[in-house]
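Undergrad: final27.cif (mmCIF, C-alpha atoms) pasted underneath:
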```
data_protein
#
loop_
_atom_site.group_PDB
_atom_site.id
_atom_site.type_symbol
_atom_site.label_atom_id
_atom_site.label_comp_id
_atom_site.auth_asym_id
_atom_site.auth_seq_id
_atom_site.Cartn_x
_atom_site.Cartn_y
_atom_site.Cartn_z
ATOM 1 C CA MET Y 1332 31.376 6.558 -1.650
ATOM 2 C CA ASP Y 1333 28.649 5.655 -4.103
ATOM 3 C CA THR Y 1334 27.837 1.933 -4.097
ATOM 4 C CA ARG Y 1335 25.999 1.751 -7.419
ATOM 5 C CA LYS Y 1336 27.746 -0.603 -9.783
ATOM 6 C CA PHE Y 1337 28.420 -0.983 -13.487
ATOM 7 C CA GLU Y 1338 27.372 -4.634 -13.330
ATOM 8 C CA PHE Y 1339 25.053 -6.381 -10.876
ATOM 9 C CA GLU Y 1340 26.958 -8.512 -8.327
ATOM 10 C CA LYS Y 1341 30.345 -7.036 -9.292
ATOM 11 C CA ASN Y 1342 32.401 -4.663 -7.171
ATOM 12 C CA ILE Y 1343 33.150 -1.977 -9.764
ATOM 13 C CA PRO Y 1344 31.534 1.266 -8.522
ATOM 14 C CA CYS Y 1345 29.635 3.452 -10.951
ATOM 15 C CA GLN Y 1346 30.090 7.138 -10.236
ATOM 16 C CA GLU Y 1347 28.515 8.415 -13.415
ATOM 17 C CA PHE Y 1348 25.192 9.567 -14.737
ATOM 18 C CA THR Y 1349 24.691 6.964 -17.455
ATOM 19 C CA ALA Y 1350 21.155 7.732 -18.673
ATOM 20 C CA ILE Y 1351 18.594 10.503 -18.410
ATOM 21 C CA GLY Y 1352 14.857 10.476 -18.984
ATOM 22 C CA LEU Y 1353 11.421 11.624 -17.908
ATOM 23 C CA VAL Y 1354 8.857 9.602 -15.966
ATOM 24 C CA SER Y 1355 6.068 8.519 -18.310
ATOM 25 C CA GLY Y 1356 2.687 7.871 -16.679
ATOM 26 C CA GLU Y 1357 1.710 7.346 -13.053
ATOM 27 C CA GLU Y 1358 1.841 3.542 -12.730
ATOM 28 C CA VAL Y 1359 4.296 1.936 -10.287
ATOM 29 C CA TYR Y 1360 4.672 -1.826 -10.799
ATOM 30 C CA ALA Y 1361 6.765 -4.797 -9.651
ATOM 31 C CA TYR Y 1362 9.128 -6.261 -12.247
ATOM 32 C CA ASP Y 1363 10.679 -9.719 -11.859
ATOM 33 C CA MET Y 1364 14.324 -9.555 -12.919
ATOM 34 C CA GLY Y 1365 14.969 -13.144 -11.863
ATOM 35 C CA TYR Y 1366 16.735 -14.831 -8.949
ATOM 36 C CA GLY Y 1367 14.169 -13.428 -6.495
ATOM 37 C CA PHE Y 1368 14.965 -9.801 -7.341
ATOM 38 C CA ILE Y 1369 11.679 -7.964 -7.903
ATOM 39 C CA PRO Y 1370 12.144 -4.179 -7.829
ATOM 40 C CA TYR Y 1371 9.392 -1.642 -8.388
ATOM 41 C CA ARG Y 1372 9.480 0.294 -11.630
ATOM 42 C CA ARG Y 1373 8.005 3.282 -13.410
ATOM 43 C CA ASN Y 1374 8.048 3.765 -17.152
ATOM 44 C CA ILE Y 1375 10.735 6.177 -18.311
ATOM 45 C CA ARG Y 1376 11.057 7.949 -21.652
ATOM 46 C CA TYR Y 1377 14.834 8.008 -22.125
ATOM 47 C CA ILE Y 1378 16.657 10.791 -23.954
ATOM 48 C CA ASP Y 1379 19.763 10.212 -26.087
ATOM 49 C CA SER Y 1380 22.763 11.342 -24.028
ATOM 50 C CA HIS Y 1381 26.395 10.675 -23.114
ATOM 51 C CA PRO Y 1382 27.600 9.365 -19.714
ATOM 52 C CA ILE Y 1383 29.334 11.880 -17.437
ATOM 53 C CA LYS Y 1384 31.181 11.728 -14.116
ATOM 54 C CA ILE Y 1385 29.143 12.810 -11.080
ATOM 55 C CA LYS Y 1386 31.949 14.295 -8.981
ATOM 56 C CA PRO Y 1387 32.434 17.517 -11.024
ATOM 57 C CA LEU Y 1388 28.736 18.368 -10.492
ATOM 58 C CA ILE Y 1389 28.416 17.622 -6.762
ATOM 59 C CA GLU Y 1390 28.806 21.241 -5.624
ATOM 60 C CA LYS Y 1391 26.246 22.484 -8.180
ATOM 61 C CA LEU Y 1392 23.459 19.945 -7.592
ATOM 62 C CA GLU Y 1393 20.682 21.004 -5.199
ATOM 63 C CA PHE Y 1394 19.518 17.461 -4.417
ATOM 64 C CA ILE Y 1395 22.927 16.552 -2.943
ATOM 65 C CA THR Y 1396 22.601 18.312 0.395
ATOM 66 C CA ASP Y 1397 25.569 16.609 2.110
ATOM 67 C CA LYS Y 1398 28.458 17.169 -0.276
ATOM 68 C CA LYS Y 1399 30.795 14.869 1.721
ATOM 69 C CA GLN Y 1400 28.342 11.949 1.736
ATOM 70 C CA TRP Y 1401 27.064 12.596 -1.794
ATOM 71 C CA GLY Y 1402 26.589 8.925 -2.691
ATOM 72 C CA TYR Y 1403 24.016 8.367 0.058
ATOM 73 C CA LYS Y 1404 21.206 9.930 -1.979
ATOM 74 C CA PHE Y 1405 21.649 7.320 -4.731
ATOM 75 C CA ARG Y 1406 21.296 4.279 -2.446
ATOM 76 C CA PHE Y 1407 17.507 4.177 -2.462
ATOM 77 C CA GLY Y 1408 16.562 4.083 -6.134
ATOM 78 C CA ALA Y 1409 14.588 6.712 -8.001
ATOM 79 C CA PHE Y 1410 13.898 10.124 -6.504
ATOM 80 C CA GLU Y 1411 12.573 13.425 -7.798
ATOM 81 C CA ILE Y 1412 14.982 16.273 -8.566
ATOM 82 C CA SER Y 1413 14.415 19.939 -9.354
ATOM 83 C CA GLU Y 1414 14.035 21.220 -12.893
ATOM 84 C CA THR Y 1415 17.253 23.201 -12.349
ATOM 85 C CA ASP Y 1416 19.239 20.040 -11.493
ATOM 86 C CA PHE Y 1417 17.621 18.121 -14.357
ATOM 87 C CA LYS Y 1418 18.568 20.788 -16.893
ATOM 88 C CA LEU Y 1419 22.133 21.000 -15.555
ATOM 89 C CA ILE Y 1420 22.621 17.229 -15.799
ATOM 90 C CA ALA Y 1421 20.964 17.123 -19.246
ATOM 91 C CA LYS Y 1422 23.224 19.917 -20.499
ATOM 92 C CA GLU Y 1423 26.373 18.175 -19.235
ATOM 93 C CA MET Y 1424 25.200 14.864 -20.759
ATOM 94 C CA ARG Y 1425 24.510 16.635 -24.076
ATOM 95 C CA ALA Y 1426 20.932 15.381 -23.956
ATOM 96 C CA ASP Y 1427 18.649 16.905 -26.558
ATOM 97 C CA LEU Y 1428 15.627 17.926 -24.488
ATOM 98 C CA LEU Y 1429 13.839 19.178 -27.593
ATOM 99 C CA LYS Y 1430 13.651 15.608 -28.956
ATOM 100 C CA GLN Y 1431 11.922 14.272 -25.860
#
```
Would you mind writing the file's structure down as structure tokens?

TA:
Amino acid sequence: MDTRKFEFEKNIPCQEFTAIGLVSGEEVYAYDMGYGFIPYRRNIRYIDSHPIKIKPLIEKLEFITDKKQWGYKFRFGAFEISETDFKLIAKEMRADLLKQ
């Protein structure tokens, strides 16, 4: 089960792709979000899109190698995916890649 959440410190799981974008630049930096939470960030150029459920795509996505434990991959923050997976997710989210 995916443990990402809709709201920080609440127990409502998020099992959706809610945003899509491209990494912009090479810099990795710490960002203080308050209350001692200081994650590392990269700048992202977001693309207009619509949220979609993850479960219907599990079997098609290359980066999810263990289809039964699919949520595990999402536990560790950002990770690189193939162009094929990116285009599939973008298509399902109705993201306009030409406007990027």

Undergrad: What gap, in Å, lies between atom CA of Y:Asn1374 and atom CA of Y:Ile1389?

TA: 26.7 Å

Undergrad: Would you work out the distance separating atom CA of Y:His1381 from atom CA of Y:Ile1343, expressed in Å to one decimal?

TA: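 For atom CA of Y:His1381 relative to atom CA of Y:Ile1343, the distance reads 19.6 Å.
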
Undergrad: Which residues would end up in the selection if the PyMOL selection byres ((chain Y and resi 1380) around 8) were applied here, given that I need the answer as a ChimeraX atom specification?

TA: /Y:1350-1351,1378-1379,1381-1382,1421,1424-1427

Undergrad: Which value, in Å to one decimal, gives the distance between atom CA of Y:Ile1412 and atom CA of Y:Gly1352?

TA: 11.9 Å

Undergrad: Report as a PDB file with C-alpha atoms, in the frame of the given file all protein, DNA and RNA residues lying within 9 Å of stretch 1416-1419 of chain Y, evaluated on all atoms listed in the file, omitting residues in the same chain fewer than 5 positions from it.

TA:
```
ATOM      1  CA  ILE Y1351      18.594  10.503 -18.410  1.00  0.00           C
ATOM      2  CA  LEU Y1388      28.736  18.368 -10.492  1.00  0.00           C
ATOM      3  CA  LYS Y1391      26.246  22.484  -8.180  1.00  0.00           C
ATOM      4  CA  LEU Y1392      23.459  19.945  -7.592  1.00  0.00           C
ATOM      5  CA  GLU Y1393      20.682  21.004  -5.199  1.00  0.00           C
ATOM      6  CA  PHE Y1394      19.518  17.461  -4.417  1.00  0.00           C
ATOM      7  CA  MET Y1424      25.200  14.864 -20.759  1.00  0.00           C
ATOM      8  CA  LEU Y1428      15.627  17.926 -24.488  1.00  0.00           C
TER       9      LEU Y1428
END
```

Undergrad: Taking all atoms of stretch 1392-1400 of chain Y that appear in the file, build a box with edges along x, y and z, extend it by 8 Å on every side, and state its centre and edge lengths in Å to one decimal, as lines of an AutoDock Vina configuration file.

TA:
```
center_x = 25.2
center_y = 16.5
center_z = -2.7
size_x = 27.3
size_y = 25.1
size_z = 25.7
```

Undergrad: Looking at Y:Gly1356, Y:Gly1365, Y:Pro1344, Y:Pro1370, which one is nearest to Y:Phe1407, with distances taken over all atoms listed in the file?

TA: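 Closest to Y:Phe1407 of all the choices is Y:Pro1370.
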
Undergrad: Determine, counting all atoms listed in the file, every residue of protein, DNA or RNA that lies within 8 Å of (3.7, -4.3, -12.7) in the file coordinates, then give the result as a ChimeraX atom specification.

TA: /Y:1359-1362,1371-1372

Undergrad: Applying 9 Å and all atoms listed in the file, which residues near Y:Lys1386 remain after dropping the ones on its own chain fewer than 2 positions away? List them as a PyMOL selection string.

TA: chain Y and resi 1346-1347+1384+1388-1390+1401

Undergrad: Please enumerate the residues selected by the PyMOL selection byres ((chain Y and resi 1399) around 12) when evaluated against the supplied file, formatted as a ChimeraX atom specification.

TA: /Y:1332-1333,1386,1389-1390,1395-1398,1400-1404
